[in-house]
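**Student:** To start, I am sharing the structure in question, which I have written as structure tokens.
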Amino acid sequence: MILGTQFGDEAKGKITDFLASDAQYVVRTGGGPNAGHTIHLPEGVVVLHQLACGVLRHGVVGVSGPGMVLQLERLEEELQELSDRHLLKGEVMLSERAHVILPIHEIEDAWEDDLRGRESPGHQLGTTRRGIGPAYADRYARFGIRMADLIRPALLAERLDVLYSTKSHLTGLPTKTALCETLTGIGSRLSPYIRATEPILWEALARGETILLEGAQSALLDIDFGTYPFVTSHHPTSAGALLGSGLPPQEVGDVIGVTKAYATRVGVGPFPTEVSGEVAAYLQREGGERGATTGRMRRCGWLDLVLLRYATRLNGFTSLALTKVDVLGGLEQIPVCVEYRTPAGETLKDYPPAVADELEKVTPVYRNQEAWPPFTSRLKEKIRREGHHALPAQLRSFAAFLEREVSVPVAYISYGSAREETLSVGRVGPARPASRIHKWGG
Ligand code: IMP
């Protein structure tokens, strides 16, 4: 499993793409076109929204799994773009159990977020307006349309009748007949890809093949464990990755938590280590911190170990991937938040308040770390030749500091956007829950 530890945008796509060279399947387990997984290939930059990054590699199957919600026009565009650029090298599978995001849901997403804003400006979420929340709401209310329905026109028409009867508060919807026709057309074009994906994955496991579960969004955006209500609508945590793929827990080898060396957040919601002014502008500029889906500037801040320890306990990370370290090269020092002080004088180390407003009010306590020199092309070349031994000493100390503070080994370091600028630092073992490492002092 490759999962986000912060608020999304940790470069999960890049780490998944790196590991996909040794995998047979890559499965996206939740979310939909709210995600944007950016991958820098020798042929150019690709942003995947609804396809798993396995589709970019020969011999790999990219599965858009049962936990997802799929917007079909955008999905067809994504397929077309990859095919036009000759980048569709792997196989595509779409789960028959994934739900469909309809135009209704996109209209409803905007309608709902505007409504929140009108009722109380502080409660607008700043969603991606891609229909994610309403599509999951209909999924759980059992009004949803699934991929399997697309290739069963009579059933689809009946399901649309029921769904439309719940949407009288919305205007500007396409007629049911027009929508049914569009969906049936898309269904027949996508039918070669629509599959019962769970048995395919179970059989792959029985043959000893490797499956990567590619998380989208992140722990702090989890519908239950994130900064509610400023969250997305599924479970981007390890439990959600199982539900979103149909795989059983005992098959999981590694649970890799991807963390940037600093932090970012898009949209509204608490962000204790957020910075402003020149520092924020520096991180935005150097890190290219603009949303891959919506183009919004990302809010920037420092690495927050309270949230990282929380995400670790929640997900059971067995290793960490530390990304975008090059962005911090050349700074004077790197502040890292090691604990919070609450207004009542309490110290919090690994469990943030459940109420967003209370998380807004904590004061982060920072411990400055020595920064490393800039990642010049000469340094990058040296790392490519000599591996992790060539990493700057300050960065090695930073990784060791993280390991001590979070009790999880740093197994990967990404130091640039190119595919080859990721290092495996050889610390991934068999699954070792963080609590066990801690107890045994390992
Ligand atoms: P939704 O997922 O579109 O409903 O948006 C809910 C919140 O999650 C908003 O604050 C979004 O900005 C945020 N969000 C959703 N997907 C992503 C992502 O892939 N990266 C970062 N933030 C995201």
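Letters A, B, ... go to the chains of the structure tokens in the order shown; residues in each chain start at 1; ligands are counted from 1 in the same order.
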Using only C-alpha atoms and all ligand atoms, which residues have at least one atom no more than 6 Å from ligand 1? Output them as a PyMOL selection string.

**Tutor:** chain A and resi 7-9+34-36+125-130+132-133+216-217+230-232+266-268

**Student:** Can you list, as a PyMOL selection string, every protein, DNA or RNA residue that comes within 12 Å of Thr166 in chain A when you count only C-alpha atoms, leaving out same-chain residues fewer than 2 positions away?

**Tutor:** chain A and resi 104-105+108+134+137-138+141-144+159-164+168-170

**Student:** So that I can check the surroundings of Gly244 in chain A, please list as a PyMOL selection string every protein, DNA and RNA residue that reaches within 10 Å of it, counting only C-alpha atoms and ignoring chain neighbours fewer than 4 positions away.

**Tutor:** chain A and resi 27-31+64-68+97-98+213+215+234-236+238-240

**Student:** Go through A:Glu358, A:Glu370, A:Asp326, A:Asp350 one by one, measure the shortest atom-to-atom distance of each to Phe271 in chain A using only C-alpha atoms, and give the residue with the smallest value.

**Tutor:**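 The shortest atom-to-atom distance to Phe271 in chain A comes from A:Glu358.
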
**Student:** Would you kindly return, as a short mmCIF file (atom, residue, chain, number, x, y, z; two decimals) with N, CA, C and O atoms, in the first residue's frame, each protein, DNA or RNA residue with an atom no farther than 10 Å from any atom of His49 in chain A, considering only C-alpha atoms and excluding same-chain residues fewer than 4 positions away?

**Tutor:**
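Contents of around.cif, as written:
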data_model
loop_
_atom_site.label_atom_id
_atom_site.label_comp_id
_atom_site.auth_asym_id
_atom_site.auth_seq_id
_atom_site.Cartn_x
_atom_site.Cartn_y
_atom_site.Cartn_z
N GLY A 31 -11.59 7.55 -4.20
CA GLY A 31 -11.58 8.87 -4.83
C GLY A 31 -11.88 8.76 -6.31
O GLY A 31 -12.32 7.70 -6.81
N GLY A 32 -11.66 9.85 -7.01
CA GLY A 32 -11.96 9.90 -8.44
C GLY A 32 -11.17 11.03 -9.05
O GLY A 32 -10.00 11.19 -8.73
N PRO A 33 -11.84 11.84 -9.88
CA PRO A 33 -11.09 12.90 -10.58
C PRO A 33 -10.71 14.08 -9.68
O PRO A 33 -10.23 15.09 -10.19
N ASN A 34 -10.92 13.96 -8.37
CA ASN A 34 -10.36 14.99 -7.46
C ASN A 34 -8.85 14.80 -7.33
O ASN A 34 -8.14 15.71 -6.92
N ALA A 35 -8.35 13.61 -7.66
CA ALA A 35 -6.92 13.33 -7.52
C ALA A 35 -6.18 13.74 -8.79
O ALA A 35 -6.75 13.76 -9.88
N GLY A 36 -4.91 14.06 -8.64
CA GLY A 36 -4.07 14.33 -9.80
C GLY A 36 -2.69 13.77 -9.49
O GLY A 36 -1.96 14.34 -8.69
N HIS A 37 -2.36 12.63 -10.05
CA HIS A 37 -1.07 12.00 -9.77
C HIS A 37 -0.10 12.34 -10.91
O HIS A 37 -0.27 11.87 -12.03
N THR A 38 0.87 13.18 -10.58
CA THR A 38 1.77 13.70 -11.61
C THR A 38 3.00 12.80 -11.72
O THR A 38 3.65 12.51 -10.71
N CYS A 53 -1.48 4.25 -11.95
CA CYS A 53 -0.29 4.57 -12.75
C CYS A 53 0.35 3.33 -13.39
O CYS A 53 1.23 3.48 -14.23
N LEU A 70 -16.16 7.22 -10.53
CA LEU A 70 -15.55 7.56 -11.82
C LEU A 70 -16.41 8.52 -12.64
O LEU A 70 -17.62 8.30 -12.77
N GLN A 71 -15.77 9.55 -13.16
CA GLN A 71 -16.47 10.48 -14.06
C GLN A 71 -16.10 10.05 -15.48
O GLN A 71 -14.93 10.13 -15.87
N ARG A 74 -14.51 12.34 -18.44
CA ARG A 74 -13.11 12.67 -18.12
C ARG A 74 -12.23 11.41 -18.24
O ARG A 74 -11.09 11.49 -18.64
N LEU A 75 -12.79 10.28 -17.87
CA LEU A 75 -12.03 9.03 -17.96
C LEU A 75 -11.71 8.71 -19.42
O LEU A 75 -10.58 8.33 -19.76
N GLU A 78 -9.00 10.91 -20.55
CA GLU A 78 -7.69 10.49 -20.00
C GLU A 78 -7.12 9.33 -20.82
O GLU A 78 -5.93 9.31 -21.17
N ALA A 216 -5.11 7.56 -2.99
CA ALA A 216 -5.32 8.93 -3.46
C ALA A 216 -5.85 9.72 -2.27
O ALA A 216 -6.40 9.15 -1.34
N ALA A 292 -2.71 19.86 -9.05
CA ALA A 292 -2.65 19.19 -10.36
C ALA A 292 -4.05 19.02 -10.96
O ALA A 292 -4.20 18.83 -12.16
N THR A 293 -5.10 19.13 -10.13
CA THR A 293 -6.46 18.95 -10.63
C THR A 293 -7.14 20.29 -10.87
O THR A 293 -7.73 20.52 -11.91
#

**Student:** Can you work out which one of A:Asp304, A:Glu251, A:Glu405, A:Glu209 has the shortest atom-to-atom distance to Val60 in chain A, counting only C-alpha atoms?

**Tutor:**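 Using only C-alpha atoms, Val60 in chain A sits closest to A:Glu209.
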
**Student:** Give me the residues within 12 Å of Met297 in chain A as a count of residues only, counting only C-alpha atoms and dropping any in the same chain fewer than 4 places off.

**Tutor:** 17

**Student:** May I have the residues within 7 Å of Val275 in chain A as a list of chain:residue names, using only C-alpha atoms and disregarding those fewer than 2 positions away in the same chain?

**Tutor:** A:Thr273, A:Val279, A:Ala280, A:Cys300, A:Gly301

**Student:** Mind checking DSSP for range 208-441 of chain A and telling me the strand (DSSP E or B) residues as a PyMOL selection string?

**Tutor:** chain A and resi 211-218+256-260+262-265+274+290+297+299-304+319-323+333-341+347-348+363-370+410-414+418+422-424

**Student:** So what do you get for CA of Pro199 in chain A versus CA of Ile256 in chain A, distance-wise?

**Tutor:** 24.5 Å
